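Student: If you scroll down you'll find the structure; I have some questions about it.
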Amino acid sequence: MNEQKLLERITVNPKIFGGKPIIRGHRLAVEHIFGMLAAGDTIETLLESYPWLEREDVQACLLYYARRLVGDE
């Protein structure tokens with residue numbers, strides 16, 4: 001999946017979570033995914049915890065933050 005398609009999985013809506021980026025319309029913030037990964041959870045654990053979550057959603061979170069870090073937002 002190309003980067004643009006991955007980034008389409010991340011949405012920002014000022015009416016949801018105060019405009020924080022979330023995963024494609026669900027109320028799961030990108031920062032929450034990062035927090036779970038930083039705490040030692042694996043992608044497999046995330047996929048088990050959130051049955052609707054797809055591996056590409058996690059990849060999209062990683063790409064989103066990588067782009068923000070280098071200013072390509």
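In the structure tokens, chains take letters A, B, ... by order of appearance, with residues numbered from 1 within each chain and ligands from 1 in the order shown.
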When DSSP works through the backbone of this structure, what residues of chain A end up as strand (DSSP E or B), shown as a ChimeraX atom specification?
Tutor: /A:10-11,22-23,29
Student: Please provide the set of residues having any atom within 9 Å of region 22-25 of chain A, restricted to only C-alpha atoms, with same-chain residues fewer than 3 positions apart removed, written as a list of chain:residue names.
Tutor: A:Glu8, A:Arg9, A:Ile10, A:Thr11, A:Val12, A:Asn13, A:Ile16, A:Phe17, A:Gly19, A:Leu28, A:Ala29, A:Val30, A:Glu31, A:Leu53, A:Asp57, A:Val58, A:Ala60, A:Cys61
Student: Would you mind exporting all heavy atoms of the selected residues as a compact mmCIF listing (two decimals), in the first residue's frame?
Tutor:
# COMPACT_ATOMS: atom_id res chain seq x y z
N GLU A 8 -4.53 8.11 4.33
CA GLU A 8 -5.98 8.30 4.25
C GLU A 8 -6.70 7.59 5.40
O GLU A 8 -7.85 7.88 5.70
CB GLU A 8 -6.51 7.79 2.91
CG GLU A 8 -6.13 8.69 1.75
CD GLU A 8 -6.51 8.12 0.40
OE1 GLU A 8 -7.18 7.05 0.35
OE2 GLU A 8 -6.14 8.74 -0.61
N ARG A 9 -6.02 6.70 6.07
CA ARG A 9 -6.59 5.99 7.22
C ARG A 9 -6.59 6.86 8.48
O ARG A 9 -7.25 6.51 9.45
CB ARG A 9 -5.80 4.71 7.49
CG ARG A 9 -5.97 3.68 6.39
CD ARG A 9 -5.02 2.50 6.61
NE ARG A 9 -5.36 1.43 5.69
CZ ARG A 9 -6.13 0.39 5.99
NH1 ARG A 9 -6.62 0.26 7.19
NH2 ARG A 9 -6.39 -0.53 5.10
N ILE A 10 -5.86 7.96 8.46
CA ILE A 10 -5.79 8.87 9.60
C ILE A 10 -6.65 10.08 9.29
O ILE A 10 -6.51 10.71 8.24
CB ILE A 10 -4.34 9.32 9.87
CG1 ILE A 10 -3.40 8.12 10.02
CG2 ILE A 10 -4.28 10.25 11.07
CD1 ILE A 10 -3.72 7.21 11.19
N THR A 11 -7.57 10.39 10.20
CA THR A 11 -8.44 11.53 9.99
C THR A 11 -8.31 12.50 11.17
O THR A 11 -7.99 12.10 12.29
CB THR A 11 -9.91 11.11 9.83
OG1 THR A 11 -10.33 10.41 11.00
CG2 THR A 11 -10.10 10.22 8.61
N VAL A 12 -8.58 13.76 10.86
CA VAL A 12 -8.58 14.80 11.88
C VAL A 12 -9.89 15.55 11.77
O VAL A 12 -10.23 16.06 10.69
CB VAL A 12 -7.39 15.77 11.70
CG1 VAL A 12 -7.43 16.88 12.74
CG2 VAL A 12 -6.07 15.02 11.77
N ASN A 13 -10.63 15.59 12.86
CA ASN A 13 -11.91 16.28 12.90
C ASN A 13 -11.96 17.08 14.19
O ASN A 13 -11.87 16.49 15.28
CB ASN A 13 -13.05 15.27 12.84
CG ASN A 13 -14.42 15.90 12.84
OD1 ASN A 13 -14.61 17.02 13.30
ND2 ASN A 13 -15.40 15.17 12.32
N ILE A 16 -13.98 15.74 17.09
CA ILE A 16 -13.68 14.45 17.70
C ILE A 16 -12.31 14.54 18.38
O ILE A 16 -11.32 14.87 17.73
CB ILE A 16 -13.67 13.31 16.66
CG1 ILE A 16 -15.04 13.21 15.98
CG2 ILE A 16 -13.30 11.99 17.31
CD1 ILE A 16 -15.09 12.24 14.83
N PHE A 17 -12.28 14.25 19.65
CA PHE A 17 -11.03 14.25 20.45
C PHE A 17 -10.29 15.58 20.32
O PHE A 17 -9.06 15.61 20.31
CB PHE A 17 -10.12 13.11 20.05
CG PHE A 17 -10.48 11.77 20.64
CD1 PHE A 17 -11.65 11.57 21.34
CD2 PHE A 17 -9.63 10.69 20.49
CE1 PHE A 17 -11.98 10.34 21.87
CE2 PHE A 17 -9.94 9.45 21.01
CZ PHE A 17 -11.13 9.28 21.70
N GLY A 19 -9.78 17.41 17.86
CA GLY A 19 -9.00 17.55 16.64
C GLY A 19 -7.75 16.69 16.58
O GLY A 19 -6.95 16.83 15.66
N LEU A 28 -10.16 6.13 18.25
CA LEU A 28 -8.88 5.66 18.75
C LEU A 28 -7.81 6.60 18.21
O LEU A 28 -7.56 6.64 17.00
CB LEU A 28 -8.60 4.22 18.32
CG LEU A 28 -7.31 3.60 18.84
CD1 LEU A 28 -7.29 3.54 20.37
CD2 LEU A 28 -7.12 2.20 18.26
N ALA A 29 -7.22 7.36 19.12
CA ALA A 29 -6.24 8.37 18.71
C ALA A 29 -4.91 7.72 18.32
O ALA A 29 -4.49 6.71 18.90
CB ALA A 29 -6.01 9.36 19.84
N VAL A 30 -4.27 8.32 17.34
CA VAL A 30 -2.95 7.88 16.90
C VAL A 30 -1.99 7.86 18.08
O VAL A 30 -1.20 6.93 18.24
CB VAL A 30 -2.44 8.80 15.76
CG1 VAL A 30 -1.00 8.51 15.42
CG2 VAL A 30 -3.33 8.66 14.53
N GLU A 31 -2.08 8.87 18.94
CA GLU A 31 -1.17 8.93 20.09
C GLU A 31 -1.39 7.75 21.05
O GLU A 31 -0.46 7.31 21.73
CB GLU A 31 -1.30 10.25 20.84
CG GLU A 31 -2.63 10.45 21.52
CD GLU A 31 -2.76 11.83 22.15
OE1 GLU A 31 -2.23 12.81 21.62
OE2 GLU A 31 -3.42 11.91 23.20
N LEU A 53 -9.24 -3.12 14.04
CA LEU A 53 -7.96 -2.53 13.66
C LEU A 53 -7.24 -3.43 12.67
O LEU A 53 -7.25 -4.66 12.79
CB LEU A 53 -7.10 -2.34 14.91
CG LEU A 53 -5.82 -1.53 14.77
CD1 LEU A 53 -6.15 -0.06 14.47
CD2 LEU A 53 -5.00 -1.61 16.05
N ASP A 57 -3.48 0.13 9.60
CA ASP A 57 -3.82 1.26 10.47
C ASP A 57 -2.62 1.62 11.35
O ASP A 57 -2.31 2.79 11.54
CB ASP A 57 -5.02 0.94 11.36
CG ASP A 57 -6.30 0.73 10.58
OD1 ASP A 57 -6.51 1.44 9.57
OD2 ASP A 57 -7.10 -0.13 10.98
N VAL A 58 -1.96 0.60 11.88
CA VAL A 58 -0.79 0.84 12.72
C VAL A 58 0.33 1.41 11.87
O VAL A 58 1.01 2.36 12.27
CB VAL A 58 -0.35 -0.45 13.44
CG1 VAL A 58 0.89 -0.20 14.29
CG2 VAL A 58 -1.49 -1.01 14.29
N ALA A 60 -0.06 3.20 9.28
CA ALA A 60 -0.45 4.59 9.00
C ALA A 60 -0.09 5.50 10.17
O ALA A 60 0.36 6.63 9.96
CB ALA A 60 -1.95 4.65 8.71
N CYS A 61 -0.27 5.03 11.39
CA CYS A 61 0.11 5.82 12.57
C CYS A 61 1.60 6.10 12.57
O CYS A 61 2.03 7.23 12.83
CB CYS A 61 -0.27 5.08 13.85
SG CYS A 61 -2.03 4.93 14.14
Student: Between CA of Asn2 (chain A) and CA of Gly40 (chain A), what is the distance, to one decimal in Å?
Tutor: 26.9 Å
Student: Give me the residues near Glu44 (chain A) as a list in words, where near means some atom within 12 Å (using only C-alpha atoms) and where sequence neighbours in that chain fewer than 6 positions away do not count.
Tutor: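 Near Glu44 (chain A), the qualifying residues are Met36, Leu37, Tyr50, Pro51, Leu53, Glu54, Arg55 and Val58 of chain A.
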Student: Produce a file of the selected residues containing N, CA, C and O atoms, as a PDB file, in the first residue's frame.
Tutor:
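Dumped everything to part-v1.pdb:
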ATOM      1  N   MET A  36       0.768   2.715  23.418  1.00  0.00           N
ATOM      2  CA  MET A  36       0.736   1.268  23.619  1.00  0.00           C
ATOM      3  C   MET A  36       2.010   0.610  23.089  1.00  0.00           C
ATOM      4  O   MET A  36       2.590  -0.261  23.742  1.00  0.00           O
ATOM      5  N   LEU A  37       2.466   1.039  21.919  1.00  0.00           N
ATOM      6  CA  LEU A  37       3.704   0.494  21.374  1.00  0.00           C
ATOM      7  C   LEU A  37       4.888   0.846  22.265  1.00  0.00           C
ATOM      8  O   LEU A  37       5.755   0.012  22.527  1.00  0.00           O
ATOM      9  N   TYR A  50      -8.173  -4.695  19.513  1.00  0.00           N
ATOM     10  CA  TYR A  50      -9.124  -3.929  18.704  1.00  0.00           C
ATOM     11  C   TYR A  50      -9.414  -4.724  17.434  1.00  0.00           C
ATOM     12  O   TYR A  50      -8.707  -4.579  16.432  1.00  0.00           O
ATOM     13  N   PRO A  51     -10.430  -5.581  17.451  1.00  0.00           N
ATOM     14  CA  PRO A  51     -10.691  -6.470  16.316  1.00  0.00           C
ATOM     15  C   PRO A  51     -10.898  -5.757  14.972  1.00  0.00           C
ATOM     16  O   PRO A  51     -10.622  -6.334  13.927  1.00  0.00           O
ATOM     17  N   LEU A  53      -9.235  -3.125  14.044  1.00  0.00           N
ATOM     18  CA  LEU A  53      -7.961  -2.531  13.659  1.00  0.00           C
ATOM     19  C   LEU A  53      -7.239  -3.430  12.665  1.00  0.00           C
ATOM     20  O   LEU A  53      -7.252  -4.657  12.793  1.00  0.00           O
ATOM     21  N   GLU A  54      -6.610  -2.819  11.675  1.00  0.00           N
ATOM     22  CA  GLU A  54      -5.843  -3.562  10.677  1.00  0.00           C
ATOM     23  C   GLU A  54      -4.374  -3.164  10.782  1.00  0.00           C
ATOM     24  O   GLU A  54      -4.047  -2.066  11.226  1.00  0.00           O
ATOM     25  N   ARG A  55      -3.524  -4.065  10.370  1.00  0.00           N
ATOM     26  CA  ARG A  55      -2.077  -3.803  10.404  1.00  0.00           C
ATOM     27  C   ARG A  55      -1.743  -2.490   9.689  1.00  0.00           C
ATOM     28  O   ARG A  55      -0.899  -1.715  10.132  1.00  0.00           O
ATOM     29  N   VAL A  58      -1.962   0.599  11.878  1.00  0.00           N
ATOM     30  CA  VAL A  58      -0.789   0.835  12.718  1.00  0.00           C
ATOM     31  C   VAL A  58       0.333   1.414  11.866  1.00  0.00           C
ATOM     32  O   VAL A  58       1.013   2.363  12.270  1.00  0.00           O
TER      33      VAL A  58
END
Student: One decimal, Å: what's the distance from CA of Lys20 (chain A) over to CA of Arg68 (chain A), could you say?
Tutor: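 Result for CA of Lys20 (chain A) versus CA of Arg68 (chain A): 13.2 Å, one decimal.
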